[in-house]
$ cat coords_23.cif   # mmCIF, C-alpha atoms and all ligand atoms
data_coords
loop_
_atom_site.label_atom_id
_atom_site.label_comp_id
_atom_site.auth_asym_id
_atom_site.auth_seq_id
_atom_site.Cartn_x
_atom_site.Cartn_y
_atom_site.Cartn_z
CA MET A 6 0.00 0.00 0.00
CA ASN A 7 1.27 3.47 -0.88
CA SER A 8 1.86 5.80 2.07
CA LYS A 9 -1.01 8.10 2.93
CA ILE A 10 -1.19 11.55 1.37
CA TYR A 11 -2.92 13.89 3.81
CA LEU A 12 -5.23 16.77 3.03
CA SER A 13 -2.89 19.07 4.95
CA SER A 14 -0.15 18.11 7.39
CA PRO A 15 2.34 20.05 9.54
CA HIS A 16 5.30 21.47 7.64
CA MET A 17 8.18 22.63 9.82
CA GLY A 18 10.48 25.39 8.63
CA GLY A 19 13.63 24.50 10.58
CA LYS A 20 13.87 27.12 13.34
CA GLU A 21 11.04 25.70 15.47
CA PHE A 22 13.27 23.31 17.36
CA ALA A 23 15.75 25.99 18.38
CA PHE A 24 12.94 28.05 19.97
CA MET A 25 11.57 24.97 21.74
CA LYS A 26 15.04 24.01 22.96
CA GLU A 27 15.60 27.49 24.31
CA ALA A 28 12.35 27.14 26.29
CA TYR A 29 13.57 23.81 27.61
CA ASP A 30 17.07 25.01 28.46
CA THR A 31 15.79 28.07 30.30
CA ASN A 32 12.99 26.06 32.00
CA TRP A 33 10.19 28.18 30.53
CA ILE A 34 7.86 25.15 30.43
CA ALA A 35 4.68 27.07 31.18
CA PRO A 36 1.73 28.82 29.57
CA LEU A 37 3.75 32.03 29.58
CA GLY A 38 7.31 33.06 28.77
CA PRO A 39 9.54 34.63 26.10
CA ASN A 40 8.21 32.50 23.23
CA VAL A 41 4.59 33.43 24.01
CA ASN A 42 5.54 37.12 24.04
CA GLY A 43 7.66 36.75 20.91
CA PHE A 44 4.96 34.84 19.03
CA GLU A 45 2.34 37.48 19.89
CA LYS A 46 4.68 40.20 18.59
CA ASP A 47 5.25 38.24 15.37
CA ILE A 48 1.49 37.88 14.80
CA CYS A 49 0.88 41.60 15.44
CA LYS A 50 3.67 42.65 13.11
CA TYR A 51 2.63 40.29 10.32
CA ASN A 52 -1.04 41.27 10.40
CA MET A 53 -0.50 44.94 11.27
CA VAL A 54 -2.74 44.72 14.31
CA SER A 55 -1.76 46.24 17.64
CA ARG A 56 -2.67 43.54 20.20
CA CYS A 57 -2.62 39.73 20.32
CA ALA A 58 -3.21 37.04 22.95
CA ALA A 59 -1.80 33.59 22.13
CA LEU A 60 -4.29 30.98 23.31
CA SER A 61 -4.75 27.23 23.47
CA SER A 62 -6.93 26.94 20.35
CA GLY A 63 -8.94 28.80 17.76
CA THR A 64 -12.09 27.56 19.48
CA ALA A 65 -10.98 29.05 22.82
CA SER A 66 -10.23 32.31 20.99
CA ILE A 67 -13.78 32.49 19.61
CA HIS A 68 -15.17 31.68 23.05
CA LEU A 69 -13.24 34.53 24.70
CA ALA A 70 -14.20 36.91 21.88
CA LEU A 71 -17.88 36.21 22.61
CA ILE A 72 -17.34 36.77 26.34
CA LEU A 73 -15.53 40.08 25.66
CA LEU A 74 -18.50 41.23 23.59
CA GLY A 75 -20.84 40.40 26.47
CA VAL A 76 -22.64 37.47 24.82
CA GLU A 77 -24.78 35.77 27.45
CA ARG A 78 -27.58 33.27 27.87
CA ASP A 79 -30.47 33.74 25.39
CA ASP A 80 -28.55 36.24 23.28
CA GLU A 81 -28.41 35.68 19.52
CA VAL A 82 -25.19 35.59 17.49
CA LEU A 83 -25.02 35.67 13.69
CA CYS A 84 -22.64 33.11 12.19
CA SER A 85 -21.65 31.84 8.75
CA SER A 86 -23.48 28.58 8.14
CA PHE A 87 -20.89 27.22 5.72
CA THR A 88 -18.08 26.47 8.19
CA PHE A 89 -16.55 24.02 10.65
CA SER A 90 -18.57 23.47 13.83
CA ALA A 91 -15.89 25.17 15.96
CA SER A 92 -17.05 28.54 14.60
CA ALA A 93 -20.49 28.05 16.18
CA ASN A 94 -19.96 25.80 19.21
CA PRO A 95 -18.68 28.61 21.47
CA ILE A 96 -22.00 30.44 20.95
CA ARG A 97 -23.61 27.48 22.70
CA TYR A 98 -20.96 27.47 25.43
CA GLN A 99 -22.41 30.86 26.39
CA GLY A 100 -25.97 29.52 26.31
CA ALA A 101 -26.68 31.81 23.35
CA THR A 102 -28.38 30.94 20.06
CA PRO A 103 -26.58 30.89 16.72
CA VAL A 104 -28.40 32.49 13.80
CA PHE A 105 -26.95 31.02 10.64
CA VAL A 106 -26.39 33.02 7.46
CA ASP A 107 -25.88 31.35 4.08
CA SER A 108 -23.15 32.01 1.51
CA GLU A 109 -22.87 33.87 -1.76
CA ARG A 110 -21.62 32.15 -4.93
CA GLU A 111 -18.49 34.21 -5.54
CA THR A 112 -16.37 33.54 -2.45
CA TRP A 113 -18.59 30.85 -0.83
CA ASN A 114 -18.58 32.99 2.34
CA MET A 115 -21.30 34.89 4.22
CA CYS A 116 -23.74 36.54 1.82
CA PRO A 117 -24.15 40.26 2.65
CA LYS A 118 -27.76 40.20 1.36
CA GLN A 119 -28.73 37.25 3.55
CA LEU A 120 -26.92 38.93 6.44
CA GLU A 121 -29.02 42.06 6.14
CA ILE A 122 -32.24 40.02 5.80
CA ALA A 123 -31.28 38.08 8.92
CA ILE A 124 -30.50 41.21 10.95
CA MET A 125 -33.74 42.95 9.99
CA ASP A 126 -35.80 39.84 10.71
CA ARG A 127 -34.19 39.19 14.11
CA ILE A 128 -34.78 42.83 15.08
CA ALA A 129 -38.41 42.58 13.88
CA LYS A 130 -38.80 39.46 16.02
CA GLY A 131 -37.60 41.43 19.04
CA LYS A 132 -33.89 40.71 19.49
CA LYS A 133 -30.93 42.44 17.90
CA PRO A 134 -28.00 40.00 17.41
CA LYS A 135 -25.18 40.62 19.90
CA ALA A 136 -22.34 39.80 17.46
CA CYS A 137 -21.55 38.40 14.03
CA ILE A 138 -18.99 35.64 13.36
CA VAL A 139 -17.70 35.78 9.78
CA VAL A 140 -15.60 32.93 8.39
CA HIS A 141 -13.07 33.01 5.51
CA LEU A 142 -13.50 29.52 4.16
CA TYR A 143 -10.38 27.65 3.01
CA GLY A 144 -8.51 30.96 3.14
CA MET A 145 -10.80 32.89 0.78
CA PRO A 146 -11.64 36.39 2.05
CA ALA A 147 -15.34 37.12 2.60
CA LYS A 148 -16.81 40.35 1.20
CA MET A 149 -15.66 42.27 4.26
CA HIS A 150 -16.36 45.81 3.07
CA GLU A 151 -20.03 45.00 2.55
CA ILE A 152 -20.30 42.89 5.70
CA CYS A 153 -18.58 45.54 7.86
CA SER A 154 -20.80 48.26 6.47
CA ILE A 155 -24.02 46.31 7.17
CA CYS A 156 -22.95 45.33 10.69
CA GLY A 157 -21.77 48.91 11.25
CA GLU A 158 -25.16 50.26 10.27
CA TYR A 159 -26.85 48.15 12.94
CA ASP A 160 -23.99 48.54 15.41
CA ILE A 161 -23.29 44.80 15.61
CA PRO A 162 -19.66 43.91 16.44
CA ILE A 163 -17.81 41.45 14.17
CA ILE A 164 -15.67 38.50 15.18
CA GLU A 165 -13.60 37.36 12.22
CA ASP A 166 -12.95 33.63 12.23
CA ALA A 167 -9.72 33.68 10.22
CA ALA A 168 -8.72 30.20 11.47
CA GLU A 169 -8.19 29.11 7.87
CA ALA A 170 -7.12 32.46 6.47
CA LEU A 171 -3.84 33.52 8.09
CA GLY A 172 -1.83 35.21 5.35
CA ALA A 173 -4.87 35.98 3.17
CA SER A 174 -5.88 39.59 2.50
CA TYR A 175 -8.64 41.77 1.07
CA HIS A 176 -7.82 45.13 -0.52
CA GLY A 177 -4.32 44.64 0.87
CA GLN A 178 -5.47 44.26 4.48
CA LYS A 179 -4.84 40.99 6.31
CA MET A 180 -7.81 38.81 7.23
CA GLY A 181 -8.53 38.80 10.97
CA THR A 182 -8.06 42.58 11.22
CA PHE A 183 -11.37 43.81 9.76
CA GLY A 184 -13.54 42.79 12.69
CA ASP A 185 -13.65 44.18 16.22
CA LEU A 186 -11.88 40.95 17.15
CA GLY A 187 -10.17 38.35 14.97
CA ILE A 188 -9.08 34.81 15.64
CA TYR A 189 -6.51 32.44 14.13
CA SER A 190 -5.95 28.71 14.61
CA PHE A 191 -2.63 26.88 14.72
CA ASN A 192 -4.07 23.38 14.77
CA GLY A 193 -1.94 20.71 13.08
CA ASN A 194 -3.80 20.90 9.77
CA LYS A 195 -3.75 24.69 9.32
CA ILE A 196 -1.39 26.67 7.10
CA ILE A 197 1.07 26.99 10.00
CA THR A 198 0.83 25.13 13.28
CA THR A 199 1.91 25.14 16.92
CA SER A 200 0.65 21.52 17.21
CA GLY A 201 -2.45 23.04 18.79
CA GLY A 202 -3.13 26.69 19.46
CA GLY A 203 -4.92 29.85 18.55
CA ALA A 204 -4.74 33.61 18.80
CA LEU A 205 -7.11 36.47 19.45
CA VAL A 206 -6.24 39.81 17.86
CA SER A 207 -7.67 43.30 18.13
CA ASN A 208 -6.68 46.95 18.13
CA ASN A 209 -8.53 47.27 21.44
CA GLU A 210 -5.88 46.93 24.13
CA GLU A 211 -8.39 46.63 26.95
CA TRP A 212 -10.06 43.61 25.36
CA ILE A 213 -6.79 41.75 24.80
CA ASN A 214 -5.67 42.46 28.37
CA LYS A 215 -8.99 41.11 29.59
CA ALA A 216 -8.64 38.05 27.33
CA ARG A 217 -5.25 37.27 28.91
CA PHE A 218 -6.77 37.68 32.38
CA LEU A 219 -9.72 35.36 31.60
CA ALA A 220 -7.43 32.84 29.87
CA THR A 221 -5.31 32.43 33.00
CA GLN A 222 -8.08 31.60 35.51
CA ALA A 223 -9.12 35.22 36.14
CA ARG A 224 -7.02 35.86 39.23
CA ASP A 225 -7.63 39.16 40.93
CA ASP A 226 -4.66 41.29 41.90
CA ALA A 227 -4.04 39.86 45.38
CA PRO A 228 -1.26 37.80 47.04
CA HIS A 229 -3.72 34.97 47.72
CA TYR A 230 -5.96 33.38 45.11
CA GLN A 231 -9.02 35.56 44.76
CA HIS A 232 -11.59 35.50 41.98
CA SER A 233 -14.40 37.80 41.03
CA HIS A 234 -14.85 36.36 37.51
CA ILE A 235 -15.19 32.84 36.15
CA GLY A 236 -11.84 32.03 34.58
CA TYR A 237 -10.53 29.69 31.89
CA ASN A 238 -7.32 27.80 31.26
CA TYR A 239 -6.89 28.97 27.67
CA ARG A 240 -3.33 30.31 27.44
CA MET A 241 -0.78 28.97 24.94
CA SER A 242 2.18 26.98 26.24
CA ASN A 243 5.64 28.53 25.86
CA ILE A 244 6.77 25.30 24.13
CA CYS A 245 3.99 25.54 21.51
CA ALA A 246 4.68 29.25 21.03
CA GLY A 247 8.29 28.27 20.22
CA ILE A 248 7.01 26.18 17.31
CA GLY A 249 4.86 29.16 16.32
CA ARG A 250 7.83 31.55 16.22
CA GLY A 251 9.65 29.22 13.86
CA GLN A 252 6.53 28.80 11.74
CA MET A 253 5.98 32.58 11.43
CA GLN A 254 9.36 32.81 9.69
CA VAL A 255 8.06 30.63 6.85
CA LEU A 256 4.42 31.78 6.70
CA ASP A 257 4.77 33.79 3.48
CA GLU A 258 6.61 30.87 1.90
CA ARG A 259 3.76 28.54 2.93
CA VAL A 260 1.21 30.88 1.37
CA SER A 261 3.19 30.90 -1.90
CA GLN A 262 3.46 27.12 -1.82
CA ARG A 263 -0.29 26.63 -1.23
CA ARG A 264 -1.08 29.07 -4.00
CA ALA A 265 1.29 27.21 -6.33
CA ILE A 266 -0.50 23.93 -5.53
CA ASN A 267 -3.83 25.60 -6.31
CA GLN A 268 -2.41 26.76 -9.67
CA TRP A 269 -1.07 23.28 -10.38
CA TYR A 270 -4.56 21.78 -9.92
CA ARG A 271 -6.10 24.47 -12.12
CA GLU A 272 -3.73 23.66 -14.97
CA MET A 273 -4.16 19.92 -14.49
CA LEU A 274 -7.97 20.11 -14.53
CA ALA A 275 -8.40 22.93 -17.06
CA ASP A 276 -9.82 20.65 -19.75
CA PHE A 277 -12.65 19.39 -17.57
CA ASP A 278 -15.27 22.10 -17.73
CA PHE A 279 -17.46 20.34 -15.14
CA ILE A 280 -14.81 21.00 -12.48
CA LYS A 281 -14.93 24.48 -10.98
CA PHE A 282 -12.65 26.05 -8.37
CA GLN A 283 -13.26 28.32 -5.42
CA THR A 284 -11.74 31.40 -7.04
CA GLU A 285 -10.76 34.95 -6.08
CA PRO A 286 -13.47 37.16 -7.66
CA ASN A 287 -10.91 39.85 -8.58
CA ALA A 288 -7.47 41.22 -7.69
CA ASN A 289 -8.74 42.70 -4.38
CA TYR A 290 -9.04 39.18 -2.98
CA TYR A 291 -5.88 37.31 -2.01
CA SER A 292 -6.60 33.82 -0.71
CA ASN A 293 -3.93 31.78 1.04
CA TYR A 294 -5.54 28.77 -0.67
CA TRP A 295 -5.09 26.78 2.52
CA LEU A 296 -7.09 24.05 0.80
CA THR A 297 -7.84 23.84 -2.90
CA ALA A 298 -11.59 23.37 -3.15
CA ILE A 299 -13.53 22.33 -6.26
CA THR A 300 -17.10 21.58 -7.25
CA VAL A 301 -17.98 18.77 -9.62
CA GLU A 302 -20.90 19.87 -11.79
CA GLN A 303 -23.25 17.49 -13.61
CA ASN A 304 -21.48 15.85 -16.54
CA LYS A 305 -21.97 13.21 -19.22
CA LYS A 306 -19.27 10.97 -17.77
CA GLY A 307 -21.28 10.53 -14.57
CA ILE A 308 -18.34 11.67 -12.46
CA THR A 309 -19.29 13.04 -9.04
CA ARG A 310 -17.59 14.52 -6.01
CA GLU A 311 -17.96 11.15 -4.34
CA SER A 312 -16.49 9.15 -7.22
CA ILE A 313 -13.42 11.40 -7.19
CA ARG A 314 -13.10 11.08 -3.42
CA LEU A 315 -13.33 7.27 -3.53
CA ASP A 316 -10.96 7.04 -6.47
CA LEU A 317 -8.34 9.04 -4.58
CA LEU A 318 -8.93 6.98 -1.44
CA GLU A 319 -8.17 3.81 -3.40
CA ASP A 320 -4.62 5.11 -3.73
CA ASN A 321 -4.56 6.17 -0.04
CA ILE A 322 -4.99 9.85 -0.92
CA GLU A 323 -7.13 11.88 1.48
CA SER A 324 -9.70 14.34 0.15
CA ARG A 325 -12.78 15.68 1.94
CA PRO A 326 -16.25 16.94 1.11
CA LEU A 327 -16.70 20.66 1.80
CA TRP A 328 -17.96 21.55 5.28
CA LYS A 329 -21.52 20.43 5.89
CA PRO A 330 -23.43 23.67 6.56
CA MET A 331 -24.30 24.28 10.21
CA HIS A 332 -28.00 24.73 9.46
CA MET A 333 -28.00 21.10 8.20
CA GLN A 334 -26.29 19.72 11.32
CA PRO A 335 -28.37 17.67 13.76
CA ILE A 336 -26.93 19.67 16.67
CA PHE A 337 -28.15 22.99 15.25
CA GLN A 338 -31.44 21.93 13.69
CA ASP A 339 -33.45 24.23 15.96
CA ALA A 340 -31.32 27.30 15.30
CA PRO A 341 -32.74 30.04 13.04
CA ALA A 342 -31.14 30.06 9.58
CA TYR A 343 -31.34 32.46 6.64
CA THR A 344 -30.63 30.32 3.60
CA ASN A 345 -30.54 30.70 -0.17
CA GLY A 346 -29.50 27.20 -1.27
CA VAL A 347 -25.89 28.15 -2.01
CA SER A 348 -24.06 26.30 0.77
CA GLU A 349 -26.30 23.23 0.40
CA ASP A 350 -25.49 23.12 -3.30
CA LEU A 351 -21.75 23.55 -2.68
CA PHE A 352 -21.83 20.86 -0.01
CA ALA A 353 -23.50 18.43 -2.41
CA LYS A 354 -20.90 18.98 -5.14
CA GLY A 355 -17.74 20.13 -3.41
CA LEU A 356 -14.44 18.50 -2.52
CA CYS A 357 -11.20 19.65 -0.88
CA LEU A 358 -8.09 18.25 -2.56
CA PRO A 359 -4.80 17.45 -0.82
CA SER A 360 -3.05 20.80 -0.43
CA GLY A 361 -0.14 20.32 1.97
CA SER A 362 2.83 22.60 1.28
CA ASN A 363 5.13 19.63 2.02
CA MET A 364 3.81 17.38 -0.77
CA THR A 365 6.67 15.76 -2.67
CA GLU A 366 6.97 15.54 -6.46
CA GLN A 367 6.25 11.84 -6.16
CA GLU A 368 3.08 12.49 -4.16
CA ARG A 369 1.97 15.05 -6.71
CA SER A 370 2.35 12.58 -9.54
CA ARG A 371 0.36 10.00 -7.57
CA ILE A 372 -2.47 12.52 -7.18
CA GLU A 373 -2.32 13.48 -10.84
CA SER A 374 -2.38 9.83 -11.99
CA ALA A 375 -5.31 9.00 -9.72
CA LEU A 376 -7.31 12.00 -10.97
CA MET A 377 -6.48 11.35 -14.62
CA ARG A 378 -7.36 7.66 -14.32
CA LEU A 379 -10.90 8.63 -13.40
CA LEU A 380 -11.40 11.79 -15.45
CA SER A 381 -9.92 10.91 -18.84
C1 LIG B 401 -9.85 25.01 12.67
C2 LIG B 401 -10.98 25.93 12.74
C3 LIG B 401 -11.45 26.44 13.96
C4 LIG B 401 -10.99 25.94 15.29
O1 LIG B 401 -9.66 26.07 15.56
P1 LIG B 401 -8.98 25.09 16.64
O2 LIG B 401 -7.63 25.69 16.84
O3 LIG B 401 -8.93 23.73 16.00
O4 LIG B 401 -9.81 25.11 17.86
C5 LIG B 401 -12.46 27.39 13.94
N1 LIG B 401 -13.00 27.81 12.80
C6 LIG B 401 -12.59 27.34 11.60
C7 LIG B 401 -13.23 27.87 10.37
C8 LIG B 401 -11.60 26.36 11.52
O5 LIG B 401 -11.23 25.89 10.35
#
$ encode --input "coords_23.cif" --output "structure tokens" --more "lines below"
Ligand SMILES: *Cc1c(COP(=O)(O)O)cnc(C)c1O
Amino acid sequence: MNSKIYLSSPHMGGKEFAFMKEAYDTNWIAPLGPNVNGFEKDICKYNMVSRCAALSSGTASIHLALILLGVERDDEVLCSSFTFSASANPIRYQGATPVFVDSERETWNMCPKQLEIAIMDRIAKGKKPKACIVVHLYGMPAKMHEICSICGEYDIPIIEDAAEALGASYHGQKMGTFGDLGIYSFNGNKIITTSGGGALVSNNEEWINKARFLATQARDDAPHYQHSHIGYNYRMSNICAGIGRGQMQVLDERVSQRRAINQWYREMLADFDFIKFQTEPNANYYSNYWLTAITVEQNKKGITRESIRLDLLEDNIESRPLWKPMHMQPIFQDAPAYTNGVSEDLFAKGLCLPSGSNMTEQERSRIESALMRLLS
């Protein structure tokens, strides 16, 4: 059996181990220390945002963002429906209700029209949403100017879930910095990794200070342990942050590599007009193409998303259907949803192809052979 080709696996740059070793040698084996501070600085500098808190996961980062915005029991929070469940789960942690918003065709992300319909309808029903979580799927920027202007009009703060979109930009501005708060993930499958981790960013210093306080068990300023808030254990380890510092040095290289893989697939599949790609609508959108995502339209050959997936699997190559929309998930079936059929259609036809920046030439030719075997 051929070795497995993963959808996306960790790709070290080389300097990670030196940062980890320094943590070990200086005994900074804790959820604080020089690597945590250094990693936060790197993230701020890269994204041109003024404050960052390195946390234990992207999910924890979304949870703290909701707490900072005052989301409580029975509140409503708008959220992209076409996403991974971790975007929406923290809304439930707070006892609040997600209100799902469908996608538009161009970027596959939150549809500004559906967003406005949702806001007006929720207000008419008696409750203005407390916040809006916008996702940049597979690294593709959402239509942030329109989304920010609609949310601004109704004074609804935005949390940008840029877990998949570190390094992507819109009109030259990095994703994660458009919202009141932004989050990144450094899980093992993301464009760069700390093995597990996340970050919360904002230009609001007070919020990030409060996030750090809540993430370290919310200890009041006293010599004994005193608490006037419920706290969390959400801080990033200094060892993990060491990996992150090494990874930040190669982030731009990883973006270039993922974009080159995306281009390689486009050239390979150009002759098959029933295969369409998630594509930047124009030059103002710069995706990191974390994953190359395609749809397989109806065709005479009878080829489907599923036949491609199974064909790849036969050669031990991992591919994955697009995210199943949250409004179709059993866990969220009671949540209000403003839908237009777009994400359901994409889910039925869509597939993510292996996109790891560390794929070898040999792995690439295995993928190409497997795809050509089925398609030609
Ligand atoms: C990965 C991911 C998350 C969660 O990040 P973790 O670090 O795994 O907790 C949230 N939202 C999206 C869109 C993701 O892809």
$ residues_near_ligand --input "coords_23.cif" --ligand "ligand LIG 401 (chain B)" --cutoff "8 Å" --atoms "only C-alpha atoms and all ligand atoms" --output "PyMOL selection string"
chain A and resi 61-67+88-92+140-143+166-169+189-192+194-195+201-203
$ residues_around --input "coords_23.cif" --residues "Asn40 of chain A" --least-positions-apart "5" --cutoff "7 Å" --atoms "only C-alpha atoms" --output "PyMOL selection string"
chain A and resi 243+246-247
$ closest_residue --input "coords_23.cif" --among "A:Met377, A:Ala101, A:Leu327, A:Ile161" --to "Ala353 of chain A" --atoms "only C-alpha atoms"
A:Leu327
$ residues_around --input "coords_23.cif" --residues "segment 149-154 of chain A" --least-positions-apart "6" --cutoff "9 Å" --atoms "only C-alpha atoms" --output "PDB file with C-alpha atoms, in the coordinates of the input"
ATOM      1  CA  MET A 115     -21.300  34.890   4.220  1.00  0.00           C
ATOM      2  CA  CYS A 116     -23.740  36.540   1.820  1.00  0.00           C
ATOM      3  CA  PRO A 117     -24.150  40.260   2.650  1.00  0.00           C
ATOM      4  CA  LEU A 120     -26.920  38.930   6.440  1.00  0.00           C
ATOM      5  CA  GLU A 121     -29.020  42.060   6.140  1.00  0.00           C
ATOM      6  CA  VAL A 139     -17.700  35.780   9.780  1.00  0.00           C
ATOM      7  CA  PRO A 162     -19.660  43.910  16.440  1.00  0.00           C
ATOM      8  CA  ILE A 163     -17.810  41.450  14.170  1.00  0.00           C
ATOM      9  CA  TYR A 175      -8.640  41.770   1.070  1.00  0.00           C
ATOM     10  CA  PHE A 183     -11.370  43.810   9.760  1.00  0.00           C
ATOM     11  CA  GLY A 184     -13.540  42.790  12.690  1.00  0.00           C
TER      12      GLY A 184
END
$ atom_distance --input "coords_23.cif" --atom1 "atom CA of Ala58 of chain A" --atom2 "atom CA of Arg78 of chain A"
25.1 Å
$ residues_around --input "coords_23.cif" --residues "Gln99 of chain A" --least-positions-apart "3" --cutoff "12 Å" --atoms "only C-alpha atoms" --output "ChimeraX atom specification"
/A:67-82,93-96,102-103
$ residues_near_point --input "coords_23.cif" --point "(8.5, 31.3, 19.4)" --cutoff "10 Å" --atoms "all atoms listed in the file" --output "number ranges by chain"
A: 20-25, 27-28, 38-47, 199, 243-254
$ closest_residue --input "coords_23.cif" --among "A:Leu171, A:Ala265, A:Cys137, A:Met241" --to "Cys49 of chain A" --atoms "all atoms listed in the file"
A:Leu171
$ closest_residue --input "coords_23.cif" --among "A:Ala340, A:Arg264, A:Leu379, A:Ser242" --to "Ile34 of chain A" --atoms "all atoms listed in the file"
A:Ser242
$ atom_distance --input "coords_23.cif" --atom1 "atom CA of Thr182 of chain A" --atom2 "atom CA of Gln262 of chain A"
23.3 Å
$ closest_residue --input "coords_23.cif" --among "A:Ala342, A:Ile372, A:Ala173, A:Ala35" --to "Ile124 of chain A" --atoms "all atoms listed in the file"
A:Ala342
$ closest_residue --input "coords_23.cif" --among "A:Phe337, A:Trp269, A:Tyr159, A:Phe105" --to "Ser370 of chain A" --atoms "only C-alpha atoms"
A:Trp269
$ residues_near_point --input "coords_23.cif" --point "(-5.6, 34.3, 0.6)" --cutoff "7 Å" --atoms "all atoms listed in the file" --output "list in words"
Gly144, Met145, Pro146, Ala170, Gly172, Ala173, Ser174, Tyr290, Tyr291, Ser292, Asn293 and Tyr294 of chain A
$ closest_residue --input "coords_23.cif" --among "A:Arg325, A:Lys215, A:Arg127, A:Lys306" --to "His234 of chain A" --atoms "all atoms listed in the file"
A:Lys215
$ atom_distance --input "coords_23.cif" --atom1 "atom CA of Gly193 of chain A" --atom2 "atom CA of Ser362 of chain A"
12.9 Å
$ residues_around --input "coords_23.cif" --residues "Asn267 of chain A" --least-positions-apart "6" --cutoff "10 Å" --atoms "only C-alpha atoms" --output "list in words"
Ser261, Met273, Phe282, Gln283, Thr284, Asn293, Tyr294, Trp295, Leu296, Thr297, Ala298, Leu358, Pro359 and Ser360 of chain A
